[in-house]
file work-v1.cif (mmCIF, C-alpha atoms)
data_start
#
loop_
_atom_site.label_atom_id
_atom_site.label_comp_id
_atom_site.auth_asym_id
_atom_site.auth_seq_id
_atom_site.Cartn_x
_atom_site.Cartn_y
_atom_site.Cartn_z
CA MET A 103 23.87 -118.23 -78.31
CA SER A 104 22.56 -119.71 -75.05
CA LEU A 105 18.94 -118.71 -75.63
CA VAL A 106 16.59 -121.68 -76.04
CA TYR A 107 13.99 -120.91 -78.68
CA ASP A 108 11.70 -122.32 -81.37
CA LEU A 109 11.22 -120.88 -84.84
CA VAL A 110 7.83 -120.32 -86.49
CA VAL A 111 7.84 -119.01 -90.07
CA VAL A 112 4.42 -117.85 -91.26
CA ALA A 113 4.28 -118.35 -95.02
CA GLY A 114 0.68 -119.27 -95.69
CA GLY A 115 -0.19 -116.32 -97.93
CA SER A 116 -1.35 -116.83 -101.50
CA GLY A 117 1.21 -114.47 -103.04
CA SER A 118 -1.55 -113.00 -105.20
CA ARG A 119 0.36 -109.78 -105.85
CA LEU A 120 3.28 -111.87 -107.07
CA GLY A 121 1.15 -113.83 -109.50
CA GLY A 122 0.66 -116.69 -107.05
CA ALA A 123 4.39 -117.22 -106.48
CA VAL A 124 5.47 -118.97 -103.28
CA LYS A 125 7.36 -116.18 -101.54
CA THR A 126 9.63 -118.41 -99.48
CA ASP A 127 10.87 -120.02 -102.72
CA LEU A 128 11.94 -116.70 -104.24
CA THR A 129 15.71 -116.58 -104.72
CA LEU A 130 18.20 -113.76 -104.26
CA GLY A 131 21.82 -114.38 -105.08
CA GLY A 132 20.95 -117.99 -105.88
CA GLU A 133 19.54 -118.63 -102.40
CA ARG A 134 15.90 -119.06 -101.36
CA LEU A 135 14.51 -116.61 -98.83
CA LEU A 136 13.53 -119.57 -96.64
CA ASP A 137 17.02 -121.06 -96.77
CA ARG A 138 18.48 -117.79 -95.52
CA THR A 139 16.22 -117.97 -92.47
CA LEU A 140 16.91 -121.65 -91.84
CA ALA A 141 20.68 -121.09 -92.07
CA ALA A 142 20.42 -118.40 -89.40
CA THR A 143 18.34 -120.56 -87.02
CA GLN A 144 20.14 -123.90 -86.98
CA ASP A 145 20.30 -123.80 -83.18
CA ALA A 146 16.52 -123.52 -82.75
CA ARG A 147 15.01 -126.41 -80.78
CA THR A 148 12.05 -126.84 -83.16
CA ARG A 149 11.59 -125.15 -86.54
CA VAL A 150 8.10 -124.87 -88.01
CA LEU A 151 7.01 -123.63 -91.42
CA VAL A 152 3.36 -122.64 -91.82
CA GLY A 153 2.65 -123.05 -95.52
CA GLN A 154 2.17 -125.56 -98.28
CA GLY A 155 3.95 -126.73 -101.40
CA ILE A 156 7.36 -125.72 -99.99
CA GLU A 157 10.37 -128.03 -99.90
CA VAL A 158 12.09 -128.05 -96.51
CA PRO A 159 14.80 -130.09 -94.72
CA ASP A 160 13.67 -133.18 -92.83
CA ASP A 161 14.04 -131.51 -89.44
CA VAL A 162 11.58 -128.71 -90.26
CA VAL A 163 7.94 -129.29 -89.26
CA VAL A 164 5.41 -128.22 -91.89
CA THR A 165 1.86 -127.31 -90.97
CA LEU A 166 -0.99 -125.14 -92.25
CA GLU A 167 -3.90 -123.34 -90.69
CA ASP A 168 -7.25 -125.09 -91.09
CA PRO A 169 -8.97 -123.90 -93.19
CA PRO A 170 -6.13 -122.44 -95.27
CA SER A 171 -5.73 -118.73 -96.06
CA GLY A 172 -6.78 -117.78 -92.56
CA GLY A 173 -4.33 -114.92 -92.22
CA PRO A 174 -1.15 -114.43 -90.19
CA ALA A 175 -2.71 -114.73 -86.72
CA ALA A 176 -4.24 -118.08 -87.70
CA GLY A 177 -0.90 -119.13 -89.16
CA THR A 178 0.85 -118.20 -85.94
CA ALA A 179 -1.63 -120.24 -83.90
CA SER A 180 -1.10 -123.27 -86.15
CA GLY A 181 2.67 -122.91 -85.95
CA LEU A 182 2.62 -122.82 -82.16
CA ALA A 183 0.31 -125.85 -82.02
CA ALA A 184 2.80 -127.84 -84.11
CA VAL A 185 5.51 -127.53 -81.45
CA THR A 186 5.23 -130.52 -79.10
CA ASP A 187 7.95 -129.48 -76.65
CA PRO A 188 7.85 -125.67 -76.51
CA ALA A 189 11.03 -123.73 -75.77
CA PRO A 190 10.90 -120.68 -73.49
CA TRP A 191 11.10 -118.30 -76.46
CA THR A 192 9.54 -118.34 -79.95
CA LEU A 193 11.13 -116.54 -82.89
CA LEU A 194 8.23 -115.47 -85.12
CA LEU A 195 9.00 -114.49 -88.71
CA ALA A 196 7.27 -113.80 -92.01
CA GLY A 197 8.20 -115.98 -94.96
CA ASP A 198 8.92 -113.12 -97.38
CA LEU A 199 11.68 -111.32 -95.47
CA VAL A 200 14.64 -110.53 -97.69
CA ASP A 201 17.53 -111.41 -95.38
CA THR A 202 16.86 -112.32 -91.78
CA ALA A 203 20.35 -113.12 -90.47
CA ALA A 204 21.23 -109.72 -88.96
CA GLY A 205 17.75 -109.22 -87.52
CA ILE A 206 17.71 -112.68 -85.96
CA ARG A 207 21.08 -112.04 -84.33
CA ALA A 208 19.82 -108.76 -82.89
CA LEU A 209 16.68 -110.38 -81.47
CA LEU A 210 18.48 -113.34 -79.92
CA GLU A 211 21.05 -111.08 -78.31
CA ALA A 212 18.34 -108.78 -76.92
CA ALA A 213 16.28 -111.68 -75.55
CA ALA A 214 19.37 -113.31 -74.02
CA VAL A 215 19.61 -110.32 -71.68
CA ASP A 216 16.33 -111.71 -70.25
CA PRO A 217 14.28 -108.51 -70.06
CA THR A 218 11.87 -109.45 -67.26
CA ASP A 219 9.51 -106.56 -67.93
CA THR A 220 8.64 -107.60 -71.49
CA ASP A 221 6.78 -110.41 -73.24
CA GLY A 222 8.52 -109.94 -76.55
CA ILE A 223 10.74 -107.87 -78.79
CA CYS A 224 9.92 -106.81 -82.36
CA LEU A 225 12.28 -105.17 -84.81
CA SER A 226 11.34 -101.74 -86.10
CA GLY A 227 12.63 -100.18 -89.30
CA HIS A 228 10.40 -97.11 -89.32
CA ALA A 229 9.97 -94.91 -86.24
CA ASP A 230 8.73 -97.10 -83.37
CA HIS A 231 6.32 -99.20 -85.42
CA PRO A 232 7.00 -102.89 -84.77
CA GLN A 233 7.34 -105.42 -87.55
CA TRP A 234 4.80 -107.86 -86.15
CA LEU A 235 6.27 -110.80 -88.04
CA PHE A 236 9.89 -110.17 -87.18
CA GLY A 237 10.14 -110.66 -83.44
CA ILE A 238 10.87 -112.98 -80.55
CA HIS A 239 8.40 -113.65 -77.73
CA ARG A 240 8.09 -115.55 -74.50
CA THR A 241 6.30 -118.66 -75.66
CA ALA A 242 3.88 -118.78 -72.73
CA ALA A 243 2.82 -115.17 -73.30
CA LEU A 244 2.41 -115.77 -77.04
CA ARG A 245 0.27 -118.84 -76.49
CA ASP A 246 -1.84 -116.94 -73.96
CA ALA A 247 -2.34 -114.17 -76.53
CA VAL A 248 -3.61 -116.72 -79.07
CA ALA A 249 -6.06 -118.12 -76.52
CA ALA A 250 -7.24 -114.64 -75.51
CA LEU A 251 -7.86 -113.62 -79.13
CA GLY A 252 -10.47 -116.35 -79.50
CA THR A 253 -11.19 -116.48 -83.22
CA VAL A 254 -7.85 -116.19 -84.99
CA ARG A 255 -9.05 -116.48 -88.57
CA ASP A 256 -8.75 -113.21 -90.53
CA ARG A 257 -7.29 -111.43 -87.49
CA SER A 258 -4.25 -109.21 -87.78
CA MET A 259 -0.91 -109.66 -86.08
CA LYS A 260 -1.42 -106.37 -84.29
CA ALA A 261 -4.66 -107.65 -82.81
CA LEU A 262 -2.77 -110.72 -81.61
CA LEU A 263 0.40 -109.10 -80.28
CA SER A 264 -0.51 -105.59 -79.17
CA PRO A 265 -1.93 -106.76 -75.78
CA LEU A 266 1.54 -108.09 -74.92
CA ARG A 267 4.26 -106.06 -73.23
CA LEU A 268 6.43 -105.50 -76.28
CA GLN A 269 9.69 -103.71 -76.86
CA THR A 270 10.82 -102.45 -80.25
CA LEU A 271 14.39 -102.69 -81.43
CA ALA A 272 15.33 -100.11 -84.06
CA VAL A 273 17.24 -101.41 -87.08
CA ASP A 274 18.06 -100.31 -90.60
CA PRO A 275 14.85 -100.51 -92.69
CA ASP A 276 16.59 -102.95 -95.05
CA THR A 277 16.96 -105.41 -92.18
CA VAL A 278 13.17 -105.83 -92.03
CA ALA A 279 12.55 -105.54 -95.77
CA ASP A 280 10.10 -107.95 -97.38
CA ILE A 281 8.93 -108.74 -100.89
CA ASP A 282 5.31 -107.96 -101.66
CA THR A 283 5.26 -107.18 -105.39
CA PRO A 284 7.16 -108.02 -108.59
CA ARG A 285 8.73 -104.55 -108.42
CA ASP A 286 10.07 -105.30 -104.94
CA TYR A 287 11.55 -108.56 -106.20
CA GLU A 288 13.12 -106.97 -109.28
CA ALA A 289 14.63 -104.18 -107.18
CA TRP A 290 16.27 -106.63 -104.78
CA GLN A 291 17.54 -108.78 -107.63
CA ALA A 292 19.12 -105.70 -109.20
CA ARG A 293 20.94 -104.90 -105.98
CA GLY A 294 22.84 -108.16 -106.02
CA PRO A 295 23.97 -110.07 -102.92
CA HIS A 296 22.46 -108.60 -99.80
CA ASP A 297 24.25 -108.30 -96.48
CA ALA A 298 22.03 -106.62 -93.91
CA SER A 299 25.05 -105.90 -91.70
CA ALA A 300 26.90 -103.91 -94.35
CA PRO A 301 26.46 -100.12 -94.70
CA ARG A 302 24.41 -99.04 -97.70
CA GLU A 303 22.91 -95.97 -99.21
CA PRO A 304 19.25 -95.34 -98.24
CA LYS A 305 16.94 -97.70 -100.14
CA MET A 306 14.57 -96.18 -102.68
CA ARG A 307 13.07 -99.49 -103.88
CA ASP A 308 14.68 -99.12 -107.28
CA ASP A 309 17.74 -97.89 -109.15
CA ALA A 310 18.69 -94.29 -109.91
CA MET A 311 17.19 -94.39 -113.41
CA THR A 312 13.81 -95.40 -112.03
CA VAL A 313 13.94 -92.71 -109.35
CA ALA A 314 14.76 -90.13 -112.02
CA ARG A 315 11.80 -91.35 -114.07
CA TRP A 316 9.54 -91.02 -111.03
CA ARG A 317 10.79 -87.47 -110.44
CA ALA A 318 10.17 -86.56 -114.08
CA TRP A 319 6.58 -87.79 -113.79
CA VAL A 320 6.10 -85.89 -110.52
CA GLU A 321 7.25 -82.68 -112.17
CA MET A 322 4.86 -83.20 -115.10
CA ALA A 323 1.92 -84.06 -112.84
CA ALA A 324 2.69 -81.15 -110.50
CA ALA A 325 2.85 -78.72 -113.40
CA ALA A 326 -0.52 -79.97 -114.67
CA VAL A 327 -2.24 -79.02 -111.40
CA ASP A 328 -0.06 -76.01 -110.52
CA VAL A 329 1.74 -77.60 -107.56
CA ASP A 330 5.33 -77.00 -106.49
CA PRO A 331 7.08 -80.32 -107.36
CA THR A 332 9.68 -79.78 -104.63
CA ALA A 333 6.87 -80.26 -102.08
CA VAL A 334 6.48 -83.89 -103.23
CA ASP A 335 8.79 -86.00 -101.08
CA ILE A 336 8.76 -89.39 -102.80
CA ALA A 337 10.81 -91.20 -100.15
CA ARG A 338 8.69 -89.92 -97.26
CA ILE A 339 5.46 -90.81 -99.09
CA HIS A 340 6.73 -94.36 -99.68
CA THR A 341 7.68 -94.72 -96.03
CA LEU A 342 4.32 -93.43 -94.83
CA THR A 343 2.29 -95.69 -97.09
CA LYS A 344 4.29 -98.76 -96.08
CA VAL A 345 3.80 -98.03 -92.38
CA ILE A 346 0.03 -97.60 -92.86
CA ALA A 347 -0.28 -100.72 -95.03
CA HIS A 348 1.63 -102.92 -92.58
CA THR A 349 0.27 -101.44 -89.36
CA TYR A 350 -3.36 -100.72 -90.21
CA ASP A 351 -4.87 -101.70 -93.57
CA ARG A 352 -3.49 -101.63 -97.12
CA PRO A 353 -6.39 -99.70 -98.76
CA MET A 354 -5.74 -96.81 -96.37
CA ALA A 355 -2.11 -96.37 -97.44
CA PRO A 356 -2.83 -93.98 -100.35
CA VAL A 357 -5.50 -92.24 -98.27
CA GLY A 358 -2.90 -91.44 -95.62
CA SER A 359 -0.63 -89.93 -98.27
CA TYR A 360 -3.54 -87.89 -99.59
CA ILE A 361 -4.22 -86.49 -96.10
CA MET A 362 -0.56 -85.59 -95.72
CA GLY A 363 -0.64 -83.90 -99.13
CA MET A 364 -3.67 -81.87 -98.11
CA ALA A 365 -1.86 -80.72 -94.96
CA VAL A 366 1.26 -79.77 -96.91
CA GLY A 367 -0.86 -77.89 -99.44
CA ALA A 368 -2.71 -75.99 -96.71
CA ALA A 369 0.59 -74.90 -95.15
CA LEU A 370 2.02 -73.76 -98.47
CA ALA A 371 -1.18 -71.83 -99.25
CA GLN A 372 -0.66 -69.86 -96.03
CA GLY A 373 2.92 -69.08 -96.95
CA GLU A 374 4.34 -71.50 -94.37
CA GLN A 375 6.98 -74.14 -94.84
CA PRO A 376 5.38 -77.47 -93.83
CA ASP A 377 7.15 -79.78 -91.40
CA ARG A 378 6.73 -83.02 -93.33
CA ALA A 379 8.31 -85.15 -90.63
CA SER A 380 5.88 -83.86 -87.98
CA LEU A 381 2.93 -84.40 -90.29
CA GLN A 382 4.03 -87.96 -90.98
CA ARG A 383 4.43 -88.71 -87.28
CA ALA A 384 0.97 -87.29 -86.56
CA ILE A 385 -0.62 -89.57 -89.14
CA GLU A 386 1.36 -92.58 -87.88
CA ARG A 387 0.29 -91.90 -84.29
CA SER A 388 -3.34 -92.02 -85.41
CA LEU A 389 -2.83 -95.70 -86.30
CA ASP A 390 -2.64 -96.60 -82.62
CA ARG A 391 -5.97 -94.93 -81.83
CA ALA A 392 -7.99 -95.93 -84.89
CA PRO A 393 -10.43 -98.86 -84.61
CA ARG A 394 -8.85 -101.96 -86.05
CA PRO A 395 -10.33 -103.25 -89.34
CA GLU A 396 -11.09 -106.60 -87.69
CA GLU A 397 -12.99 -104.83 -84.89
CA GLN A 398 -15.49 -103.33 -87.28
CA SER A 399 -18.65 -105.21 -88.15
#
call {"tool": "encode", "arguments": {"input": "work-v1.cif", "output": "structure tokens"}}
result
Amino acid sequence: MSLVYDLVVVAGGSGSRLGGAVKTDLTLGGERLLDRTLAATQDARTRVLVGQGIEVPDDVVVTLEDPPSGGPAAGTASGLAAVTDPAPWTLLLAGDLVDTAAGIRALLEAAAVDPTDTDGICLSGHADHPQWLFGIHRTAALRDAVAALGTVRDRSMKALLSPLRLQTLAVDPDTVADIDTPRDYEAWQARGPHDASAPREPKMRDDAMTVARWRAWVEMAAAAVDVDPTAVDIARIHTLTKVIAHTYDRPMAPVGSYIMGMAVGAALAQGEQPDRASLQRAIERSLDRAPRPEEQS
């Protein structure tokens, strides 16, 4: 790959939902998540890890936002500042991505085409919603975005990157999968060795027995409130809540599903068959127009 780029891995989170575990040190198939990323980026000019308490090779620069726990935008700013000889492009990744190899290849190949009308490219596993911490950007544009944001502490990646001219590159959702909770980790461990380039059945976060247990609970809960259980699309609800949590704000994820449920219920009450896909897209489009959480006082 002829593209000249730096790597910044943002891994400064506390891992509170994983009991304080260091996400980059989680192992799948006997390999740390971080080591998977480092193996796929050996040709990067400079590699930076934003985090603490993580063992890395000697050629990886380690830094941390000051003060710590400043959020991903602050971590990004610290990672960029740690690069003394910036390359033209910066590969920007989260530290909890399951398997980055296929996604990194796709980004490097897309950027190597030298799209002059864009500042960066982000992968997208759901509709056109970018994964803010799985992308590659022109370094100058990324640094300008940090400067324009002003205060970076407790700011979101969308606030940082959305002013840029970004392209999205659609990939299999598993290619951009991350680990947020113990259930996520257990599900990936149960799946065994992961190859993001290999064809797989659609991911449901857990095995068939768990999905059957979920469906049994849905049928019981639906019967208790006189709701048609076939109207409860577990996979679509999971997708919607993940998009809302990653794109807008985590506490609004169940609220978005509730709104969708209300819309489905209203359609059924009128004897109509609801178009769940259209309803989901309508709710997702609202994310682009809603005031950002960090913009509210």
call {"tool": "resolve_selection", "arguments": {"input": "work-v1.cif", "expression": "the PyMOL selection byres ((chain A and resi 142-148) around 9)", "output": "MDAnalysis selection string"}}
result
chainID A and resid 103 105:110 137:141 149:150 161:163 185:189 193 202:204 206:207
call {"tool": "closest_residue", "arguments": {"input": "work-v1.cif", "among": "A:Pro275, A:Gly358, A:Gly197, A:Gly181", "to": "Leu381 of chain A", "atoms": "only C-alpha atoms"}}
result
A:Gly358
call {"tool": "closest_residue", "arguments": {"input": "work-v1.cif", "among": "A:Pro174, A:Ser104, A:Ser226, A:Asp201", "to": "Arg134 of chain A", "atoms": "only C-alpha atoms"}}
result
A:Asp201
call {"tool": "closest_residue", "arguments": {"input": "work-v1.cif", "among": "A:Asp198, A:Asp377, A:Asp246, A:Asp276", "to": "Leu225 of chain A", "atoms": "all atoms listed in the file"}}
result
A:Asp276
call {"tool": "atom_distance", "arguments": {"input": "work-v1.cif", "atom1": "atom CA of Val200 of chain A", "atom2": "atom CA of Leu130 of chain A"}}
result
8.1 Å
call {"tool": "resolve_selection", "arguments": {"input": "work-v1.cif", "expression": "the PyMOL selection byres ((chain A and resi 235-244) around 8)", "output": "PyMOL selection string"}}
result
chain A and resi 112+188-196+205+209-210+213+221-225+233-234+245-248+259+263+266+278
call {"tool": "atom_distance", "arguments": {"input": "work-v1.cif", "atom1": "atom CA of Gly173 of chain A", "atom2": "atom CA of Arg257 of chain A"}}
result
6.6 Å
call {"tool": "closest_residue", "arguments": {"input": "work-v1.cif", "among": "A:Leu136, A:Leu389, A:Ala113, A:Ala379", "to": "Ser180 of chain A", "atoms": "all atoms listed in the file"}}
result
A:Ala113
call {"tool": "residues_around", "arguments": {"input": "work-v1.cif", "residues": "segment 156-158 of chain A", "least_positions_apart": "5", "cutoff": "8 Å", "atoms": "only C-alpha atoms", "output": "ChimeraX atom specification"}}
result
/A:124,126-127
call {"tool": "resolve_selection", "arguments": {"input": "work-v1.cif", "expression": "the PyMOL selection byres ((chain A and resi 154) around 7)", "output": "ChimeraX atom specification"}}
result
/A:114,153,155-156,166
call {"tool": "write_last_selection", "arguments": {"input": "work-v1.cif", "atoms": "C-alpha atoms", "output": "PDB file, in the frame of the given file"}}
result
ATOM      1  CA  GLY A 114       0.680-119.270 -95.690  1.00  0.00           C
ATOM      2  CA  GLY A 153       2.650-123.050 -95.520  1.00  0.00           C
ATOM      3  CA  GLY A 155       3.950-126.730-101.400  1.00  0.00           C
ATOM      4  CA  ILE A 156       7.360-125.720 -99.990  1.00  0.00           C
ATOM      5  CA  LEU A 166      -0.990-125.140 -92.250  1.00  0.00           C
TER       6      LEU A 166
END
call {"tool": "closest_residue", "arguments": {"input": "work-v1.cif", "among": "A:Ala179, A:Leu199, A:Met354, A:Val334", "to": "Thr253 of chain A", "atoms": "only C-alpha atoms"}}
result
A:Ala179
call {"tool": "closest_residue", "arguments": {"input": "work-v1.cif", "among": "A:Ala369, A:Val357, A:Arg285, A:Thr220", "to": "Pro265 of chain A", "atoms": "all atoms listed in the file"}}
result
A:Thr220
call {"tool": "atom_distance", "arguments": {"input": "work-v1.cif", "atom1": "atom CA of Ile339 of chain A", "atom2": "atom CA of Ile361 of chain A"}}
result
11.0 Å
call {"tool": "axis_aligned_box", "arguments": {"input": "work-v1.cif", "around": "segment 283-295 of chain A", "padding_each_side": "3 Å", "output": "lines of an AutoDock Vina configuration file"}}
result
center_x = 14.6
center_y = -107.1
center_z = -106.1
size_x = 24.7
size_y = 11.9
size_z = 12.4
call {"tool": "residues_around", "arguments": {"input": "work-v1.cif", "residues": "segment 215-219 of chain A", "least_positions_apart": "4", "cutoff": "9 Å", "atoms": "all atoms listed in the file", "output": "list in words"}}
result
Leu210, Glu211, Arg267 and Leu268 of chain A
